[in-house]
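Participant: Quick one: structure below, then a few questions.
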Amino acid sequence: MSSAKKLRLALVQMHGSADKNANLKHAGDLIRQAVTKYDPHIVCLPEFFNAPYQTNLFRTYAEPIPEGPTSNFLSSLAKELNVHIVGGSIPEIDNEKLYNTCTLWSPRGHLVVKHRKVHLFDLNVPEVIDFKESSALTPGDVLTMAKIDPACVGFGICFDIQFPDMWMKYREKGCNLMIIPSAFPVKYGDRYWELYLRARAVDTQSYVTMISPARNVNANYVSHGFTMIVDPYGNVVASAKEGEETVFAEIDFSLVEKARKEIKLFDMRRTDMFELVLKSEE
């Protein structure tokens, strides 16, 4: 199979702390290690990699993009290592509004796109989770795509994965890789993490990955872990466990072509009966 259809992904599942500068240094160390070991085309960080995932602290840690220190750090690191970096997500402030925002940085250190989390995580499931992002955050209102040959990447953040229409629209727009920094809580992740990854992969006949923080049982919010890559057939390509580790895979987009030729889902959809309309996009 042609190497022109392959792409190397490194997904960094890392521990965070309440010290932003320490988090940035730690992320930098892990990314450098991943680049040295795997020579990836893209390195991805988890949701809220630079800050605690606590609604009462979002404003304290929030930064403008691309002027803030985390943006400067990611830009410089991408340029230094000559690699695309998906900067997980961070709390962003813009005109006093707060967003949960993922960024993509080019090997030249340029901000390529940013994705603001569209679906805010407001759940109250007894004995599982009680969390309300909308108490602090504003939802994004665009879908965000980027071309990194041979990938066309659709971006989401965590709870976004649970809304199939979003990912079907990405597929319509030509995406074949979905990158989703995510911080599912443990019990919710036990129920749904792998299920949602595999479902979206089969729905869109694409590669799908979610990148989690490492599990820290002493944190106020305990993330599930199990950073994972799933192929267009719904098979798990690679997965972490609970602790800190980097997941690597060389993914082959000829498998996407094969899956889409075998079952022509998007040719057989009954668009004469229903229509999915995208109102805005980047």
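By convention here, the chains of the structure tokens are called A, B, ... in the order presented, each chain's residues are numbered starting at 1, and ligands are numbered starting at 1 in the order presented.
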Go through range 105-206 of chain A residue by residue and, counting only C-alpha atoms, keep those with an atom at most 9 Å from range 246-258 of chain A; for each kept residue give the shortest atom pair and its distance in Å to one decimal, ordered by chain and increasing number, as CSV.
Facilitator:
residue,atom,partner,partner_atom,distance
A:Pro150,CA,A:Phe253,CA,7.2
A:Ala151,CA,A:Phe253,CA,7.7
A:Asn176,CA,A:Val256,CA,7.1
A:Leu177,CA,A:Phe253,CA,9.0
A:Gln205,CA,A:Val256,CA,6.3
A:Ser206,CA,A:Val256,CA,5.9
Participant: Per DSSP on the backbone, what are the alpha helix (DSSP H) residues of range 36-210 of chain A, as a PyMOL selection string?
Facilitator: chain A and resi 36-38+58-61+69-81+164-172+186-204
Participant: Please list as a VMD selection string every residue within 12 Å of range 194-201 of chain A, counting only C-alpha atoms and excluding residues in the same chain fewer than 5 positions away.
Facilitator: chain A and resid 154 156 158 to 171 175 to 180 182 184 188 to 189 206 to 211 224 to 240 256 259 to 260
Participant: Got time to write the residues from that selection, C-alpha atoms, as a CSV table (one decimal), in the first residue's frame?
Facilitator:
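Everything below was put into part_7.csv:
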chain,number,residue,atom,x,y,z
A,154,GLY,CA,-13.0,17.0,11.4
A,156,GLY,CA,-14.8,17.9,18.0
A,158,CYS,CA,-15.7,15.3,24.2
A,159,PHE,CA,-19.5,15.5,24.4
A,160,ASP,CA,-19.6,16.5,20.6
A,161,ILE,CA,-19.0,12.8,19.8
A,162,GLN,CA,-22.5,11.9,21.1
A,163,PHE,CA,-24.3,13.8,18.3
A,164,PRO,CA,-24.2,11.7,15.1
A,165,ASP,CA,-25.5,14.5,12.8
A,166,MET,CA,-22.3,16.5,13.4
A,167,TRP,CA,-20.1,13.7,12.3
A,168,MET,CA,-22.3,12.8,9.3
A,169,LYS,CA,-21.9,16.4,8.1
A,170,TYR,CA,-18.1,16.1,8.5
A,171,ARG,CA,-18.3,13.0,6.3
A,175,CYS,CA,-13.5,14.2,6.3
A,176,ASN,CA,-11.9,10.8,6.8
A,177,LEU,CA,-10.3,11.4,10.3
A,178,MET,CA,-12.1,12.7,13.4
A,179,ILE,CA,-9.9,14.1,16.2
A,180,ILE,CA,-11.7,14.6,19.5
A,182,SER,CA,-12.1,14.3,25.5
A,184,PHE,CA,-15.2,11.6,30.0
A,188,TYR,CA,-19.6,7.5,32.0
A,189,GLY,CA,-16.5,6.4,30.2
A,206,SER,CA,-13.7,7.1,9.0
A,207,TYR,CA,-10.9,6.9,11.5
A,208,VAL,CA,-12.0,8.3,14.9
A,209,THR,CA,-9.8,9.1,17.9
A,210,MET,CA,-10.5,10.5,21.3
A,211,ILE,CA,-7.6,11.7,23.5
A,224,HIS,CA,-11.6,7.9,32.2
A,225,GLY,CA,-8.3,7.5,30.2
A,226,PHE,CA,-8.2,4.9,27.5
A,227,THR,CA,-7.2,7.2,24.7
A,228,MET,CA,-8.1,5.3,21.5
A,229,ILE,CA,-8.0,5.1,17.7
A,230,VAL,CA,-10.7,3.2,15.8
A,231,ASP,CA,-10.7,2.3,12.1
A,232,PRO,CA,-13.6,2.7,9.6
A,233,TYR,CA,-14.8,-0.8,10.3
A,234,GLY,CA,-15.1,-0.1,14.0
A,235,ASN,CA,-12.0,-2.0,15.0
A,236,VAL,CA,-9.8,-0.6,17.8
A,237,VAL,CA,-6.4,0.1,16.2
A,238,ALA,CA,-4.7,1.2,19.4
A,239,SER,CA,-5.6,2.1,23.0
A,240,ALA,CA,-4.1,3.3,26.2
A,256,VAL,CA,-11.3,4.2,4.4
A,259,ALA,CA,-14.9,0.5,3.5
A,260,ARG,CA,-16.7,3.2,1.5
Participant: I want to know what sits within 7 Å of Ala214 in chain A, based on only C-alpha atoms, with residues of the same chain fewer than 5 positions away left out; could you give that as a list in words?
Facilitator: Gln13, Met14, His15, Ser223, Gly225, Glu242, Gly243 and Glu244 of chain A
Participant: Applying 12 Å and only C-alpha atoms, which residues near Lys279 in chain A remain after dropping the ones on its own chain fewer than 3 positions away? List them as a ChimeraX atom specification.
Facilitator: /A:141-143,166,169,276,282
Participant: Given the selection you just returned, output its residues as a file containing all heavy atoms, formatted as a PDB file, in the first residue's frame.
Facilitator:
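Output file part.pdb is given in full below:
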ATOM      1  N   ASP A 141     -20.315  27.560  17.486  1.00  0.00           N
ATOM      2  CA  ASP A 141     -21.406  27.482  16.516  1.00  0.00           C
ATOM      3  C   ASP A 141     -20.924  27.164  15.109  1.00  0.00           C
ATOM      4  O   ASP A 141     -21.613  27.436  14.129  1.00  0.00           O
ATOM      5  CB  ASP A 141     -22.219  28.783  16.521  1.00  0.00           C
ATOM      6  CG  ASP A 141     -21.392  30.004  16.194  1.00  0.00           C
ATOM      7  OD1 ASP A 141     -20.196  29.846  15.864  1.00  0.00           O
ATOM      8  OD2 ASP A 141     -21.933  31.125  16.261  1.00  0.00           O
ATOM      9  N   VAL A 142     -19.713  26.584  14.991  1.00  0.00           N
ATOM     10  CA  VAL A 142     -19.212  26.182  13.672  1.00  0.00           C
ATOM     11  C   VAL A 142     -18.581  24.801  13.761  1.00  0.00           C
ATOM     12  O   VAL A 142     -18.095  24.381  14.820  1.00  0.00           O
ATOM     13  CB  VAL A 142     -18.171  27.170  13.101  1.00  0.00           C
ATOM     14  CG1 VAL A 142     -18.767  28.541  12.900  1.00  0.00           C
ATOM     15  CG2 VAL A 142     -16.938  27.253  13.974  1.00  0.00           C
ATOM     16  N   LEU A 143     -18.589  24.092  12.637  1.00  0.00           N
ATOM     17  CA  LEU A 143     -17.796  22.885  12.488  1.00  0.00           C
ATOM     18  C   LEU A 143     -16.457  23.275  11.888  1.00  0.00           C
ATOM     19  O   LEU A 143     -16.366  24.221  11.115  1.00  0.00           O
ATOM     20  CB  LEU A 143     -18.506  21.881  11.583  1.00  0.00           C
ATOM     21  CG  LEU A 143     -19.883  21.410  12.041  1.00  0.00           C
ATOM     22  CD1 LEU A 143     -20.362  20.250  11.184  1.00  0.00           C
ATOM     23  CD2 LEU A 143     -19.883  21.016  13.513  1.00  0.00           C
ATOM     24  N   MET A 166     -23.553  15.734  13.585  1.00  0.00           N
ATOM     25  CA  MET A 166     -22.345  16.535  13.438  1.00  0.00           C
ATOM     26  C   MET A 166     -21.299  15.783  12.616  1.00  0.00           C
ATOM     27  O   MET A 166     -20.678  16.332  11.700  1.00  0.00           O
ATOM     28  CB  MET A 166     -21.800  16.893  14.819  1.00  0.00           C
ATOM     29  CG  MET A 166     -20.493  17.655  14.832  1.00  0.00           C
ATOM     30  SD  MET A 166     -20.121  18.190  16.540  1.00  0.00           S
ATOM     31  CE  MET A 166     -18.449  18.769  16.350  1.00  0.00           C
ATOM     32  N   LYS A 169     -22.193  15.212   8.926  1.00  0.00           N
ATOM     33  CA  LYS A 169     -21.922  16.412   8.126  1.00  0.00           C
ATOM     34  C   LYS A 169     -20.420  16.503   7.807  1.00  0.00           C
ATOM     35  O   LYS A 169     -20.039  16.876   6.691  1.00  0.00           O
ATOM     36  CB  LYS A 169     -22.416  17.663   8.846  1.00  0.00           C
ATOM     37  CG  LYS A 169     -22.196  18.966   8.079  1.00  0.00           C
ATOM     38  CD  LYS A 169     -22.763  18.920   6.663  1.00  0.00           C
ATOM     39  CE  LYS A 169     -24.279  18.892   6.623  1.00  0.00           C
ATOM     40  NZ  LYS A 169     -24.767  19.001   5.209  1.00  0.00           N
ATOM     41  N   LEU A 276     -29.791  17.323   5.916  1.00  0.00           N
ATOM     42  CA  LEU A 276     -28.971  17.810   7.030  1.00  0.00           C
ATOM     43  C   LEU A 276     -28.276  19.074   6.552  1.00  0.00           C
ATOM     44  O   LEU A 276     -27.451  19.045   5.651  1.00  0.00           O
ATOM     45  CB  LEU A 276     -27.941  16.751   7.434  1.00  0.00           C
ATOM     46  CG  LEU A 276     -27.024  17.080   8.607  1.00  0.00           C
ATOM     47  CD1 LEU A 276     -27.825  17.374   9.873  1.00  0.00           C
ATOM     48  CD2 LEU A 276     -26.060  15.920   8.855  1.00  0.00           C
ATOM     49  N   GLU A 282     -16.117  26.661   9.467  1.00  0.00           N
ATOM     50  CA  GLU A 282     -14.800  27.255   9.238  1.00  0.00           C
ATOM     51  C   GLU A 282     -14.131  26.456   8.153  1.00  0.00           C
ATOM     52  O   GLU A 282     -14.250  25.246   8.094  1.00  0.00           O
ATOM     53  CB  GLU A 282     -13.962  27.223  10.504  1.00  0.00           C
ATOM     54  CG  GLU A 282     -14.339  28.304  11.489  1.00  0.00           C
ATOM     55  CD  GLU A 282     -13.380  28.387  12.672  1.00  0.00           C
ATOM     56  OE1 GLU A 282     -12.364  27.646  12.670  1.00  0.00           O
ATOM     57  OE2 GLU A 282     -13.639  29.154  13.598  1.00  0.00           O
TER      58      GLU A 282
END
Participant: So that I can see what lies close to Thr70 in chain A, please list as a PyMOL selection string the residues with an atom at most 8 Å from it, counting only C-alpha atoms and leaving out residues fewer than 5 positions away in the same chain.
Facilitator: chain A and resi 24+50+63
Participant: Save out the residues we just selected, C-alpha atoms, as a PDB file, in the first residue's frame.
Facilitator:
ATOM      1  CA  LEU A  24       2.875  23.103  29.629  1.00  0.00           C
ATOM      2  CA  ASN A  50      -3.287  22.934  30.751  1.00  0.00           C
ATOM      3  CA  GLU A  63      -6.575  32.740  27.823  1.00  0.00           C
TER       4      GLU A  63
END
Participant: So which bits of range 74-141 of chain A end up strand (DSSP E) when you DSSP the backbone, as a ChimeraX atom specification?
Facilitator: /A:84-86,90-94,97-105,111-116,122-125,129-132
Participant: Neighbours of range 118-124 of chain A within 7 Å (only C-alpha atoms; same-chain residues fewer than 6 positions away dropped), as a PDB file with C-alpha atoms, in the first residue's frame?
Facilitator:
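The resulting file, result34.pdb, is reproduced below:
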ATOM      1  CA  ASP A 130     -23.413  15.791  37.865  1.00  0.00           C
ATOM      2  CA  PHE A 131     -21.678  18.447  35.775  1.00  0.00           C
ATOM      3  CA  LYS A 132     -22.836  21.615  33.991  1.00  0.00           C
ATOM      4  CA  GLU A 133     -20.425  23.207  31.524  1.00  0.00           C
ATOM      5  CA  SER A 134     -23.032  25.756  30.459  1.00  0.00           C
ATOM      6  CA  PRO A 139     -21.093  26.877  22.992  1.00  0.00           C
ATOM      7  CA  GLY A 140     -19.324  27.135  19.660  1.00  0.00           C
ATOM      8  CA  ASP A 141     -21.406  27.482  16.516  1.00  0.00           C
ATOM      9  CA  PHE A 159     -19.499  15.538  24.352  1.00  0.00           C
ATOM     10  CA  ASP A 160     -19.576  16.474  20.648  1.00  0.00           C
TER      11      ASP A 160
END
Participant: Using only C-alpha atoms, which of the listed residues (A:Ile85, A:Val277, A:Ser212, A:Glu127) sits closest to Trp193 in chain A?
Facilitator: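 For Trp193 in chain A, the nearest of the candidates is A:Ser212.
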Participant: Could you work out how far CA of Pro107 in chain A lies from CA of Lys79 in chain A, giving the answer in Å with one decimal?
Facilitator: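 These two atoms are separated by 5.0 Å.
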Participant: Find the residue from A:Lys20, A:Arg32, A:His41, A:His110 that sits nearest to Pro69 in chain A; use only C-alpha atoms when measuring.
Facilitator: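 Answer, going by the shortest atom-to-atom distance: A:Lys20.
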Participant: Considering only C-alpha atoms, state which residue in the set A:Thr271, A:Gln54, A:Thr138, A:Thr36 is at the smallest distance from Ala18 in chain A.
Facilitator: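 Of all the options, A:Gln54 lies closest to Ala18 in chain A.
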